[in-house]
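As provided, final.cif (mmCIF, C-alpha atoms) reads as follows.
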```
data_upload
loop_
_atom_site.label_atom_id
_atom_site.label_comp_id
_atom_site.auth_asym_id
_atom_site.auth_seq_id
_atom_site.Cartn_x
_atom_site.Cartn_y
_atom_site.Cartn_z
CA MET K 17 3.89 -2.14 -8.33
CA LYS K 18 4.83 1.53 -8.43
CA LEU K 19 7.66 2.71 -10.69
CA CYS K 20 10.72 4.38 -9.20
CA TRP K 21 12.97 6.54 -11.37
CA LEU K 22 16.12 8.31 -10.19
CA ASP K 23 17.45 11.52 -11.73
CA VAL K 24 21.24 11.17 -11.47
CA THR K 25 22.08 14.23 -13.59
CA THR K 26 23.48 16.25 -10.65
CA SER K 27 24.83 13.35 -8.57
CA ASN K 28 28.41 14.06 -9.70
CA GLY K 29 30.95 12.25 -7.51
CA SER K 30 28.39 9.92 -5.92
CA ARG K 31 26.69 9.01 -9.20
CA ALA K 32 28.36 5.62 -9.60
CA ALA K 33 27.51 4.59 -6.04
CA ILE K 34 23.91 5.79 -6.40
CA VAL K 35 23.45 3.90 -9.67
CA GLU K 36 24.94 0.76 -8.11
CA GLU K 37 22.59 1.07 -5.15
CA ALA K 38 19.65 1.64 -7.51
CA LEU K 39 20.44 -1.55 -9.42
CA HIS K 40 20.76 -3.51 -6.18
CA HIS K 41 17.35 -2.38 -4.91
CA GLY K 42 15.49 -2.84 -8.19
CA ILE K 43 14.95 0.81 -9.11
CA ASP K 44 13.03 0.84 -12.40
CA GLY K 45 14.60 3.74 -14.26
CA ILE K 46 17.68 5.95 -14.41
CA LEU K 47 17.11 9.43 -15.86
CA THR K 48 19.71 11.94 -16.99
CA ASP K 49 20.27 14.60 -19.64
CA ASP K 50 23.68 13.11 -20.52
CA LEU K 51 23.77 10.25 -23.00
CA SER K 52 27.18 9.10 -21.80
CA THR K 53 25.82 8.45 -18.30
CA LEU K 54 23.40 5.87 -19.68
CA GLU K 55 26.17 3.87 -21.35
CA SER K 56 26.96 2.05 -18.11
CA VAL K 57 23.32 1.39 -17.17
CA PRO K 58 22.29 -2.18 -18.02
CA PRO K 59 19.25 -2.78 -20.25
CA SER K 60 17.42 -4.41 -17.33
CA VAL K 61 16.77 -0.84 -16.10
CA THR K 62 14.76 1.70 -18.10
CA ARG K 63 17.29 4.21 -19.46
CA VAL K 64 15.65 7.62 -19.71
CA LEU K 65 17.05 10.65 -21.54
CA PHE K 66 15.52 13.94 -20.41
CA LEU K 67 15.82 16.80 -22.87
CA ARG K 68 15.91 19.86 -20.67
CA GLU K 69 15.43 23.48 -21.71
CA GLY K 70 18.11 24.43 -24.20
CA SER K 71 18.96 20.83 -25.15
CA GLU K 72 19.17 20.01 -28.82
CA LEU K 73 17.64 16.94 -30.39
CA PRO K 74 20.40 14.34 -30.81
CA ASP K 75 20.92 12.60 -34.13
CA GLU K 76 20.82 9.17 -32.53
CA LEU K 77 19.81 7.74 -29.17
CA PRO K 78 22.07 4.74 -28.47
CA GLY K 79 21.22 2.91 -25.24
CA VAL K 80 18.05 4.94 -24.60
CA ASP K 81 14.70 3.31 -23.86
CA VAL K 82 12.58 6.39 -23.13
CA MET K 83 13.05 10.02 -24.12
CA ILE K 84 11.22 12.75 -22.23
CA ALA K 85 10.93 16.10 -23.98
CA ASP K 86 9.05 19.37 -23.68
CA PRO K 87 6.62 19.47 -26.66
CA ALA K 88 6.80 23.28 -26.78
CA ARG K 89 10.57 23.16 -27.32
CA HIS K 90 11.27 19.84 -28.99
CA GLY K 91 8.13 18.97 -30.90
CA ASP K 92 5.09 16.75 -30.66
CA PRO K 93 5.80 13.32 -29.11
CA ALA K 94 4.17 11.60 -32.09
CA VAL K 95 6.59 13.33 -34.48
CA LEU K 96 9.55 12.53 -32.25
CA ALA K 97 8.45 8.88 -32.14
CA LEU K 98 8.74 8.78 -35.95
CA LYS K 99 12.24 10.28 -35.77
CA TYR K 100 13.34 7.75 -33.12
CA PRO K 101 11.36 4.55 -33.87
CA ASP K 102 13.30 2.43 -31.36
CA VAL K 103 12.66 4.78 -28.45
CA GLU K 104 9.47 5.45 -26.50
CA VAL K 105 8.76 9.17 -26.27
CA GLY K 106 6.81 11.09 -23.66
CA PRO K 107 6.17 14.73 -22.80
CA PHE K 108 7.40 16.73 -19.82
CA VAL K 109 4.82 19.12 -18.37
CA GLU K 110 5.35 21.56 -15.52
CA ILE K 111 2.02 22.40 -13.91
CA VAL K 112 1.89 26.02 -12.79
CA ASP K 113 -1.61 27.17 -13.77
CA ALA K 114 -4.88 26.06 -15.34
CA PRO K 115 -3.61 25.89 -18.98
CA SER K 116 -0.59 23.78 -18.02
CA LEU K 117 -2.85 21.55 -15.91
CA GLU K 118 -5.00 20.98 -18.99
CA LYS K 119 -1.86 20.03 -20.97
CA ALA K 120 -0.92 17.56 -18.26
CA CYS K 121 -4.39 15.99 -18.36
CA ARG K 122 -4.23 15.56 -22.13
CA ALA K 123 -0.74 14.09 -21.95
CA ALA K 124 -1.62 11.65 -19.18
CA ALA K 125 -4.73 10.52 -21.04
CA THR K 126 -3.02 9.93 -24.39
CA GLN K 127 0.72 9.33 -24.00
CA LYS K 128 2.61 6.17 -23.06
CA TRP K 129 4.81 8.20 -20.68
CA SER K 130 4.18 11.55 -19.00
CA LEU K 131 6.68 13.22 -16.67
CA LEU K 132 4.95 15.82 -14.51
CA ARG K 133 6.33 18.50 -12.21
CA PHE K 134 3.89 20.32 -9.91
CA ARG K 135 5.06 23.73 -8.74
CA ASP K 136 2.71 24.03 -5.78
CA PRO K 137 2.66 21.65 -2.79
CA THR K 138 -1.09 20.91 -2.99
CA LYS K 139 -1.98 17.52 -4.46
CA ILE K 140 -5.27 18.71 -5.96
CA PRO K 141 -3.77 19.17 -9.47
CA LEU K 142 -2.38 15.62 -9.34
CA GLU K 143 -5.80 14.34 -8.31
CA ILE K 144 -7.29 16.08 -11.36
CA VAL K 145 -4.68 14.55 -13.68
CA LEU K 146 -5.22 11.07 -12.25
CA ALA K 147 -8.97 11.42 -12.66
CA ALA K 148 -8.55 12.57 -16.27
CA ALA K 149 -6.33 9.57 -17.02
CA ASP K 150 -8.34 7.00 -15.07
CA ARG K 151 -8.81 4.63 -18.02
CA ALA K 152 -5.62 5.52 -19.87
CA GLN K 153 -2.97 2.91 -20.67
CA GLY K 154 0.08 5.11 -20.21
CA SER K 155 2.22 5.73 -17.13
CA ILE K 156 2.34 8.97 -15.14
CA ILE K 157 5.69 9.73 -13.49
CA THR K 158 5.51 12.52 -10.91
CA GLU K 159 8.58 14.42 -9.78
CA VAL K 160 8.96 14.43 -5.98
CA ALA K 161 11.24 16.32 -3.62
CA ASP K 162 11.95 13.45 -1.21
CA VAL K 163 10.97 9.93 -0.19
CA GLU K 164 8.25 11.19 2.16
CA GLU K 165 6.52 12.99 -0.70
CA ALA K 166 6.87 9.87 -2.83
CA GLY K 167 4.82 7.94 -0.28
CA ILE K 168 2.11 10.59 -0.44
CA VAL K 169 2.08 10.69 -4.25
CA PHE K 170 1.76 6.90 -4.41
CA GLY K 171 -1.51 7.14 -2.47
CA VAL K 172 -3.28 10.12 -4.08
CA LEU K 173 -6.87 9.14 -5.00
CA GLU K 174 -6.03 5.62 -3.72
CA ARG K 175 -4.65 4.77 -7.16
CA GLY K 176 -1.70 7.13 -6.89
CA SER K 177 0.76 8.12 -9.57
CA ASP K 178 2.13 5.20 -11.57
CA GLY K 179 5.63 6.22 -10.58
CA VAL K 180 7.84 8.95 -9.19
CA LEU K 181 11.08 10.64 -10.17
CA LEU K 182 13.44 11.47 -7.31
CA THR K 183 16.76 13.29 -7.41
CA PRO K 184 18.78 11.38 -4.76
CA GLN K 185 20.84 13.49 -2.40
CA VAL K 186 22.86 10.74 -0.74
CA VAL K 187 23.52 7.03 -1.04
CA GLY K 188 20.58 5.36 0.71
CA ASP K 189 17.84 7.39 -0.97
CA ALA K 190 17.36 4.67 -3.61
CA ALA K 191 16.81 2.03 -0.93
CA ARG K 192 14.32 4.23 0.92
CA LEU K 193 12.45 5.00 -2.30
CA ALA K 194 12.22 1.31 -3.21
CA GLU K 195 10.78 0.58 0.24
CA ALA K 196 8.20 3.37 -0.12
CA ALA K 197 7.06 1.86 -3.43
CA GLN K 198 6.11 -1.44 -1.80
CA THR K 199 2.50 -0.35 -1.45
CA VAL K 200 0.88 -3.47 -2.80
CA THR K 201 -0.47 -5.51 0.10
CA PRO K 202 -0.70 -9.29 -0.24
CA GLU K 203 -3.75 -11.31 -1.13
CA LEU K 204 -4.33 -13.81 1.67
CA GLU K 205 -5.70 -17.32 1.43
CA LEU K 206 -8.52 -17.44 3.95
CA VAL K 207 -9.72 -20.83 5.22
CA GLU K 208 -12.97 -22.02 6.76
CA LEU K 209 -12.69 -22.70 10.46
CA VAL K 210 -15.24 -24.71 12.41
CA VAL K 211 -16.03 -23.43 15.90
CA THR K 212 -15.35 -26.14 18.48
CA GLU K 213 -15.72 -24.31 21.79
CA VAL K 214 -17.10 -21.05 23.13
CA ALA K 215 -16.45 -20.13 26.79
CA HIS K 216 -16.86 -17.15 29.10
CA VAL K 217 -13.41 -16.32 30.55
CA GLY K 218 -14.10 -13.42 32.90
CA MET K 219 -12.99 -9.82 32.76
CA GLY K 220 -10.09 -8.32 30.86
CA GLU K 221 -9.02 -5.49 28.61
CA ARG K 222 -10.14 -5.46 25.00
CA ALA K 223 -9.13 -3.09 22.23
CA CYS K 224 -11.31 -1.26 19.75
CA VAL K 225 -9.20 -0.32 16.72
CA ASP K 226 -10.49 2.95 15.28
CA THR K 227 -9.04 3.59 11.84
CA CYS K 228 -9.00 6.55 9.46
CA THR K 229 -10.90 4.48 6.88
CA HIS K 230 -14.48 3.44 6.18
CA PHE K 231 -14.53 -0.36 6.08
CA ARG K 232 -16.76 -2.17 3.64
CA GLN K 233 -19.37 -4.55 5.03
CA ASP K 234 -17.29 -7.59 4.03
CA GLU K 235 -14.09 -6.20 5.62
CA GLY K 236 -12.45 -6.35 8.98
CA ILE K 237 -9.10 -7.22 10.50
CA LEU K 238 -7.61 -10.60 11.35
CA VAL K 239 -7.11 -11.19 15.07
CA GLY K 240 -5.91 -14.19 17.05
CA SER K 241 -4.38 -15.26 20.34
CA HIS K 242 -1.56 -17.08 18.51
CA SER K 243 0.65 -16.18 15.56
CA THR K 244 -0.38 -19.41 13.79
CA GLY K 245 -4.06 -18.62 13.42
CA MET K 246 -6.45 -15.67 13.27
CA ILE K 247 -10.17 -15.05 12.79
CA LEU K 248 -11.69 -12.29 10.63
CA CYS K 249 -13.36 -9.74 12.94
CA VAL K 250 -15.86 -7.55 11.11
CA SER K 251 -16.02 -3.79 11.43
CA GLU K 252 -19.00 -2.00 12.95
CA THR K 253 -20.66 -1.39 9.58
CA HIS K 254 -23.71 -3.57 10.17
CA PRO K 255 -26.64 -2.01 12.08
CA LEU K 256 -27.78 -3.30 15.46
CA PRO K 257 -30.27 -1.90 18.00
CA TYR K 258 -29.14 0.67 20.59
CA MET K 259 -25.83 1.57 18.87
CA PRO K 260 -25.05 3.73 15.83
CA THR K 261 -22.81 2.15 13.20
CA ARG K 262 -19.16 3.11 13.34
CA PRO K 263 -17.76 1.94 10.00
CA PHE K 264 -14.22 3.00 10.92
CA ARG K 265 -14.03 0.66 13.94
CA VAL K 266 -13.25 -2.97 14.62
CA ASN K 267 -13.99 -4.20 18.15
CA ALA K 268 -11.07 -6.52 17.73
CA GLY K 269 -10.19 -8.56 20.79
CA ALA K 270 -8.22 -8.84 24.00
CA ILE K 271 -5.10 -6.71 24.21
CA HIS K 272 -2.66 -9.63 23.95
CA SER K 273 -4.02 -10.57 20.51
CA TYR K 274 -2.07 -10.46 17.27
CA THR K 275 -3.23 -8.63 14.17
CA LEU K 276 -1.60 -8.31 10.76
CA SER K 277 0.16 -5.10 9.80
CA VAL K 278 2.14 -4.11 6.70
CA ASN K 279 5.41 -5.65 5.50
CA GLU K 280 4.48 -9.14 6.74
CA ARG K 281 4.60 -8.04 10.37
CA THR K 282 2.20 -8.65 13.22
CA ASN K 283 1.42 -6.34 16.09
CA TYR K 284 -0.19 -6.86 19.46
CA LEU K 285 -3.42 -4.88 19.64
CA SER K 286 -2.01 -3.21 22.77
CA GLU K 287 0.96 -1.73 20.90
CA LEU K 288 -1.01 -0.10 18.09
CA ARG K 289 -0.92 3.71 18.19
CA SER K 290 -2.25 6.65 16.22
CA GLY K 291 -0.48 6.45 12.87
CA SER K 292 0.13 2.68 12.98
CA GLN K 293 -0.93 0.69 9.93
CA VAL K 294 -2.85 -2.58 9.92
CA LEU K 295 -4.26 -4.73 7.13
CA ALA K 296 -7.94 -4.49 6.31
CA VAL K 297 -8.99 -7.88 4.93
CA ASP K 298 -12.18 -8.83 3.09
CA THR K 299 -13.85 -12.21 2.76
CA LYS K 300 -12.04 -12.89 -0.54
CA GLY K 301 -8.66 -12.37 1.13
CA GLN K 302 -8.00 -9.04 -0.57
CA THR K 303 -6.14 -6.60 1.66
CA ARG K 304 -5.30 -2.93 1.96
CA ALA K 305 -3.28 -0.95 4.44
CA VAL K 306 -5.34 1.30 6.73
CA THR K 307 -4.09 3.85 9.23
CA VAL K 308 -5.01 3.62 12.89
CA GLY K 309 -6.57 6.77 14.32
CA ARG K 310 -6.64 5.54 17.91
CA VAL K 311 -6.95 2.38 19.98
CA LYS K 312 -9.58 2.38 22.74
CA ILE K 313 -8.81 -0.08 25.55
CA GLU K 314 -11.44 -0.77 28.22
CA THR K 315 -12.23 -3.50 30.73
CA ARG K 316 -15.04 -5.75 29.55
CA PRO K 317 -16.30 -9.33 30.00
CA LEU K 318 -14.50 -11.62 27.57
CA LEU K 319 -15.41 -14.62 25.46
CA SER K 320 -12.98 -17.28 24.23
CA VAL K 321 -13.74 -18.75 20.79
CA THR K 322 -11.79 -21.79 19.64
CA ALA K 323 -12.06 -23.05 16.07
CA GLN K 324 -10.32 -25.68 13.98
CA ALA K 325 -9.11 -25.78 10.39
CA HIS K 326 -9.43 -28.74 8.05
CA ASP K 327 -5.78 -29.68 8.70
CA GLY K 328 -6.37 -29.77 12.45
CA THR K 329 -4.83 -26.40 13.28
CA ARG K 330 -6.56 -24.87 16.30
CA VAL K 331 -7.23 -21.13 16.35
CA ASN K 332 -8.24 -19.07 19.37
CA LEU K 333 -9.71 -15.60 19.62
CA ILE K 334 -10.62 -13.84 22.86
CA LEU K 335 -12.97 -10.94 22.28
CA GLN K 336 -15.56 -8.89 24.11
CA ASP K 337 -18.55 -10.87 25.32
CA ASP K 338 -21.22 -8.69 23.74
CA TRP K 339 -23.80 -8.98 20.99
CA HIS K 340 -22.42 -6.15 18.84
CA VAL K 341 -18.98 -7.77 18.56
CA ARG K 342 -18.98 -9.91 15.43
CA VAL K 343 -16.92 -12.08 13.09
CA LEU K 344 -17.33 -12.96 9.43
CA GLY K 345 -18.15 -16.37 7.99
CA PRO K 346 -18.62 -17.97 4.55
CA GLY K 347 -21.31 -16.38 2.43
CA ASP K 348 -20.50 -13.03 4.04
CA ALA K 349 -22.34 -14.19 7.15
CA VAL K 350 -22.09 -11.74 10.05
CA LEU K 351 -21.96 -13.74 13.28
CA ASN K 352 -22.56 -12.19 16.70
CA SER K 353 -19.92 -13.39 19.15
CA THR K 354 -22.50 -14.17 21.86
CA GLU K 355 -24.45 -16.43 19.48
CA LEU K 356 -21.52 -18.52 18.25
CA THR K 357 -21.92 -22.24 18.90
CA PRO K 358 -19.86 -25.32 18.04
CA GLY K 359 -20.31 -26.18 14.38
CA ASP K 360 -20.51 -22.56 13.18
CA ARG K 361 -18.10 -21.69 10.37
CA VAL K 362 -15.95 -18.57 10.37
CA TRP K 363 -13.24 -17.19 8.12
CA GLY K 364 -9.69 -17.53 9.34
CA TYR K 365 -6.09 -17.22 8.27
CA LEU K 366 -3.18 -19.53 9.09
CA PRO K 367 0.21 -17.78 8.86
CA THR K 368 2.99 -20.21 8.02
CA ALA K 369 5.69 -18.75 10.25
CA SER K 370 6.11 -18.12 13.94
CA ARG K 371 6.82 -14.58 15.13
CA HIS K 372 9.63 -12.85 16.95
CA VAL K 373 8.99 -9.16 17.78
CA GLY K 374 6.40 -9.22 15.02
CA TYR K 375 8.63 -10.57 12.27
CA PRO K 376 8.08 -13.99 10.65
CA ILE K 377 10.82 -16.44 11.67
CA ASP K 378 11.47 -20.10 10.97
CA GLU K 379 12.19 -21.51 14.40
CA PHE K 380 10.61 -23.79 17.02
CA CYS K 381 7.82 -21.94 18.83
CA LEU K 382 5.07 -23.53 20.93
CA GLU K 383 2.03 -21.36 21.69
CA GLN K 384 -0.75 -22.68 23.88
#
```
Let me see the structure of the file written as structure tokens.
Amino acid sequence: MKLCWLDVTTSNGSRAAIVEEALHHGIDGILTDDLSTLESVPPSVTRVLFLREGSELPDELPGVDVMIADPARHGDPAVLALKYPDVEVGPFVEIVDAPSLEKACRAAATQKWSLLRFRDPTKIPLEIVLAAADRAQGSIITEVADVEEAGIVFGVLERGSDGVLLTPQVVGDAARLAEAAQTVTPELELVELVVTEVAHVGMGERACVDTCTHFRQDEGILVGSHSTGMILCVSETHPLPYMPTRPFRVNAGAIHSYTLSVNERTNYLSELRSGSQVLAVDTKGQTRAVTVGRVKIETRPLLSVTAQAHDGTRVNLILQDDWHVRVLGPGDAVLNSTELTPGDRVWGYLPTASRHVGYPIDEFCLEQ
């Protein structure tokens, strides 16, 4: 889970409301340069004192969990840690050139906390810092201008910064930041399904989902005719005659089909657009969010595959009737749709809730 800190130093009249909102939405840390502001912050939130330029070292730090200081002005973090044994200390580094970038790399690789400010909009310096601290145990907090930049920072080099520091402008920024931090996608419990019926069902429109990501050979997306069951369709990463591999693509299924997207939602394949996000899923049930580049819908002959779970749940998938359209089975087996026969085993997923406009909902819903 990514860390979210708010700098409430300049919030003035709206500070109390912003802090209250931050507590309600589970913001991890409140930062300020004023000790008195931290007095009302409960210990369930990390209370951060930021010693800015010109600030003097206080004699004591009551109610402070973390102190961020500029080593050039306030001393080495290790020395400060001896002066304040009950407080965790970390450096502040503003990255403006190569020497300051080197300081940031050293800090990120060795310190428990590092607060970084990047002067230029490029994310290359942050990539360098993250690479330098790849095996470090500390946390990197990156200052961001707004919630949109926070989302970008969370994803740099896939790992992203451990956390961000945002100066909220209005009430509501804390809620939006907390939502942006929910980048961890769920691990799904896949089940073995046994194919019970395969039938040609005529012509119809199917959707190829082209993403902005290279899938691994054990990855695809979950697709199904009903919200209660889906089958793992593999990406076009495995070679076949006549066609080049397209590792960014999943030939997914008929346009009415459901697939899983982020935030526990489903989408019809037909409503995916450039910029939509869906879940890539591997055979272990591990997931990641991938961005859709385009959806290619064309009329093709279709094949209906029905399979059954151990508990009797029936799952249906209608997909293109062609050899190069494939699904994944136990043992990382890659199964051509046209060669599926009753008794074959495929990986599936059984969501526990019905769907209304893509959201899970606990209500009576019969799909057939």
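What the PyMOL selection byres ((chain K and resi 325) around 8) matches in the given file is Val207, Glu208, Leu209, Val210, Ala323, Gln324, His326, Asp327, Gly328, Thr329, Arg330 and Val331 of chain K.
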Rank K:Glu221, K:Asp360, K:Asp178, K:Glu287 by their smallest atom-to-atom distance to Thr275 in chain K, using all atoms listed in the file, and report the top residue only.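 Smallest separation from Thr275 in chain K among the options: K:Glu287.
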Among listed residues K:Glu69, K:Glu37, K:Glu118, K:Asp226, nearest Lys312 in chain K (using all atoms listed in the file):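 Result for the nearest residue to Lys312 in chain K: K:Asp226.
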Give me, as a compact mmCIF listing (two decimals) with C-alpha atoms, in the frame of the given file, all polymer residues having an atom no more than 8 Å from range 239-255 of chain K, counting all atoms listed in the file and skipping those fewer than 2 positions away in the same chain.
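As a result, around_5.txt now contains:
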```txt
# COMPACT_ATOMS: atom_id res chain seq x y z
CA PHE K 231 -14.53 -0.36 6.08
CA ARG K 232 -16.76 -2.17 3.64
CA GLN K 233 -19.37 -4.55 5.03
CA ASP K 234 -17.29 -7.59 4.03
CA GLU K 235 -14.09 -6.20 5.62
CA GLY K 236 -12.45 -6.35 8.98
CA ILE K 237 -9.10 -7.22 10.50
CA PRO K 257 -30.27 -1.90 18.00
CA MET K 259 -25.83 1.57 18.87
CA PRO K 260 -25.05 3.73 15.83
CA THR K 261 -22.81 2.15 13.20
CA ARG K 262 -19.16 3.11 13.34
CA PRO K 263 -17.76 1.94 10.00
CA PHE K 264 -14.22 3.00 10.92
CA ARG K 265 -14.03 0.66 13.94
CA VAL K 266 -13.25 -2.97 14.62
CA ASN K 267 -13.99 -4.20 18.15
CA ALA K 268 -11.07 -6.52 17.73
CA GLY K 269 -10.19 -8.56 20.79
CA HIS K 272 -2.66 -9.63 23.95
CA SER K 273 -4.02 -10.57 20.51
CA TYR K 274 -2.07 -10.46 17.27
CA THR K 275 -3.23 -8.63 14.17
CA LEU K 276 -1.60 -8.31 10.76
CA VAL K 297 -8.99 -7.88 4.93
CA THR K 329 -4.83 -26.40 13.28
CA ARG K 330 -6.56 -24.87 16.30
CA VAL K 331 -7.23 -21.13 16.35
CA ASN K 332 -8.24 -19.07 19.37
CA LEU K 333 -9.71 -15.60 19.62
CA ILE K 334 -10.62 -13.84 22.86
CA HIS K 340 -22.42 -6.15 18.84
CA ARG K 342 -18.98 -9.91 15.43
CA VAL K 343 -16.92 -12.08 13.09
CA LEU K 344 -17.33 -12.96 9.43
CA VAL K 350 -22.09 -11.74 10.05
CA VAL K 362 -15.95 -18.57 10.37
CA TRP K 363 -13.24 -17.19 8.12
CA GLY K 364 -9.69 -17.53 9.34
CA TYR K 365 -6.09 -17.22 8.27
CA LEU K 366 -3.18 -19.53 9.09
CA PRO K 367 0.21 -17.78 8.86
CA THR K 368 2.99 -20.21 8.02
CA ALA K 369 5.69 -18.75 10.25
CA SER K 370 6.11 -18.12 13.94
CA ARG K 371 6.82 -14.58 15.13
CA GLU K 383 2.03 -21.36 21.69
CA GLN K 384 -0.75 -22.68 23.88
```
Hey, which bits of range 261-379 of chain K sit within 10 Å of range 187-204 of chain K, and for each residue what's the closest pair of atoms and how far apart in Å (one decimal), counting all atoms listed in the file, rows by chain and increasing number, as a tab-separated table?
```
residue	atom	partner	partner_atom	distance
K:Ser277	CA	K:Thr201	CA	9.7
K:Val278	CA	K:Thr201	CA	7.2
K:Asn279	CA	K:Thr201	CA	8.0
K:Glu280	CA	K:Pro202	CA	8.7
K:Leu295	CA	K:Thr201	CA	8.0
K:Ala296	CA	K:Thr201	CA	9.8
K:Val297	CA	K:Leu204	CA	8.2
K:Asp298	CA	K:Leu204	CA	9.4
K:Thr299	CA	K:Leu204	CA	9.7
K:Lys300	CA	K:Leu204	CA	8.1
K:Gly301	CA	K:Leu204	CA	4.6
K:Gln302	CA	K:Glu203	CA	4.9
K:Thr303	CA	K:Glu203	CA	6.0
K:Arg304	CA	K:Thr201	CA	5.8
K:Ala305	CA	K:Thr201	CA	6.9
K:Tyr365	CA	K:Leu204	CA	7.6
K:Leu366	CA	K:Leu204	CA	9.4
K:Pro367	CA	K:Leu204	CA	9.4
```
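Proximity ranking of K:Leu54, K:Ala215, K:Leu19, K:Leu238 relative to Ile156 in chain K places K:Leu19 first, based on only C-alpha atoms.
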Would you list the contacts of range 71-79 of chain K as JSON, numbers by chain, taking every protein, DNA or RNA residue within 8 Å and counting all atoms listed in the file, but skipping same-chain residues closer than 4 positions in sequence? {"K": [51, 54, 55, 59, 63, 67, 90, 100, 103]}
Residue by residue, what does the PyMOL selection byres ((chain K and resi 84) around 12) grab here? Present the result as an mmCIF file with C-alpha atoms, in the frame of the given file.
```cif
data_model
loop_
_atom_site.group_PDB
_atom_site.id
_atom_site.type_symbol
_atom_site.label_atom_id
_atom_site.label_comp_id
_atom_site.auth_asym_id
_atom_site.auth_seq_id
_atom_site.Cartn_x
_atom_site.Cartn_y
_atom_site.Cartn_z
ATOM 1 C CA LEU K 47 17.110 9.430 -15.860
ATOM 2 C CA THR K 48 19.710 11.940 -16.990
ATOM 3 C CA ASP K 49 20.270 14.600 -19.640
ATOM 4 C CA ARG K 63 17.290 4.210 -19.460
ATOM 5 C CA VAL K 64 15.650 7.620 -19.710
ATOM 6 C CA LEU K 65 17.050 10.650 -21.540
ATOM 7 C CA PHE K 66 15.520 13.940 -20.410
ATOM 8 C CA LEU K 67 15.820 16.800 -22.870
ATOM 9 C CA ARG K 68 15.910 19.860 -20.670
ATOM 10 C CA GLU K 69 15.430 23.480 -21.710
ATOM 11 C CA SER K 71 18.960 20.830 -25.150
ATOM 12 C CA LEU K 73 17.640 16.940 -30.390
ATOM 13 C CA VAL K 80 18.050 4.940 -24.600
ATOM 14 C CA ASP K 81 14.700 3.310 -23.860
ATOM 15 C CA VAL K 82 12.580 6.390 -23.130
ATOM 16 C CA MET K 83 13.050 10.020 -24.120
ATOM 17 C CA ALA K 85 10.930 16.100 -23.980
ATOM 18 C CA ASP K 86 9.050 19.370 -23.680
ATOM 19 C CA PRO K 87 6.620 19.470 -26.660
ATOM 20 C CA ARG K 89 10.570 23.160 -27.320
ATOM 21 C CA HIS K 90 11.270 19.840 -28.990
ATOM 22 C CA GLY K 91 8.130 18.970 -30.900
ATOM 23 C CA ASP K 92 5.090 16.750 -30.660
ATOM 24 C CA PRO K 93 5.800 13.320 -29.110
ATOM 25 C CA LEU K 96 9.550 12.530 -32.250
ATOM 26 C CA ALA K 97 8.450 8.880 -32.140
ATOM 27 C CA VAL K 103 12.660 4.780 -28.450
ATOM 28 C CA GLU K 104 9.470 5.450 -26.500
ATOM 29 C CA VAL K 105 8.760 9.170 -26.270
ATOM 30 C CA GLY K 106 6.810 11.090 -23.660
ATOM 31 C CA PRO K 107 6.170 14.730 -22.800
ATOM 32 C CA PHE K 108 7.400 16.730 -19.820
ATOM 33 C CA VAL K 109 4.820 19.120 -18.370
ATOM 34 C CA GLN K 127 0.720 9.330 -24.000
ATOM 35 C CA LYS K 128 2.610 6.170 -23.060
ATOM 36 C CA TRP K 129 4.810 8.200 -20.680
ATOM 37 C CA SER K 130 4.180 11.550 -19.000
ATOM 38 C CA LEU K 131 6.680 13.220 -16.670
ATOM 39 C CA LEU K 132 4.950 15.820 -14.510
ATOM 40 C CA ILE K 156 2.340 8.970 -15.140
ATOM 41 C CA ILE K 157 5.690 9.730 -13.490
#
```
Coordinates of box centre and edge lengths for range 256-271 of chain K, 6 Å on every side, axis-aligned, as lines of an AutoDock Vina configuration file:
```
center_x = -17.7
center_y = -2.6
center_z = 17.1
size_x = 37.2
size_y = 24.6
size_z = 26.2
```
Could you please determine the separation between CA of His40 in chain K and CA of Gly171 in chain K in Å, to one decimal place?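 Separating CA of His40 in chain K from CA of Gly171 in chain K is a distance of 25.0 Å.
For the pair CA of Val311 in chain K and CA of Gly345 in chain K, the separation is 24.9 Å.
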Please identify all polymer residues within 7 Å of His216 in chain K, counting all atoms listed in the file, omitting same-chain residues fewer than 2 positions from it, and present them as a list in words. Gly218, Leu318, Leu319 and Ser320 of chain K
Skipping near chain neighbours, those fewer than 6 positions away, what residues fall within 9 Å of Leu39 in chain K using all atoms listed in the file, listed as an mmCIF file with C-alpha atoms, in the coordinates of the input?
```cif
data_model
loop_
_atom_site.group_PDB
_atom_site.id
_atom_site.type_symbol
_atom_site.label_atom_id
_atom_site.label_comp_id
_atom_site.auth_asym_id
_atom_site.auth_seq_id
_atom_site.Cartn_x
_atom_site.Cartn_y
_atom_site.Cartn_z
ATOM 1 C CA VAL K 57 23.320 1.390 -17.170
ATOM 2 C CA PRO K 58 22.290 -2.180 -18.020
ATOM 3 C CA SER K 60 17.420 -4.410 -17.330
ATOM 4 C CA VAL K 61 16.770 -0.840 -16.100
#
```
Picked residues, the PyMOL selection byres ((chain K and resi 219) around 7), as a list in words: Val217, Gly218, Gly220, Thr315, Arg316, Pro317 and Leu318 of chain K
Atom-to-atom span, CA of Glu355 in chain K and CA of Thr212 in chain K, Å: 13.3 Å
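The closest residue to Thr26 in chain K, picked from K:Ala270, K:Arg289, K:Arg222, K:Pro184 and counting all atoms listed in the file, is K:Pro184.
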K:Thr229, K:Asp50, K:Leu256, K:Ala166 ranked by distance to Val294 in chain K, top pick (using all atoms listed in the file):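 Of K:Thr229, K:Asp50, K:Leu256, K:Ala166, the one nearest Val294 in chain K, counting all atoms listed in the file, is K:Thr229.
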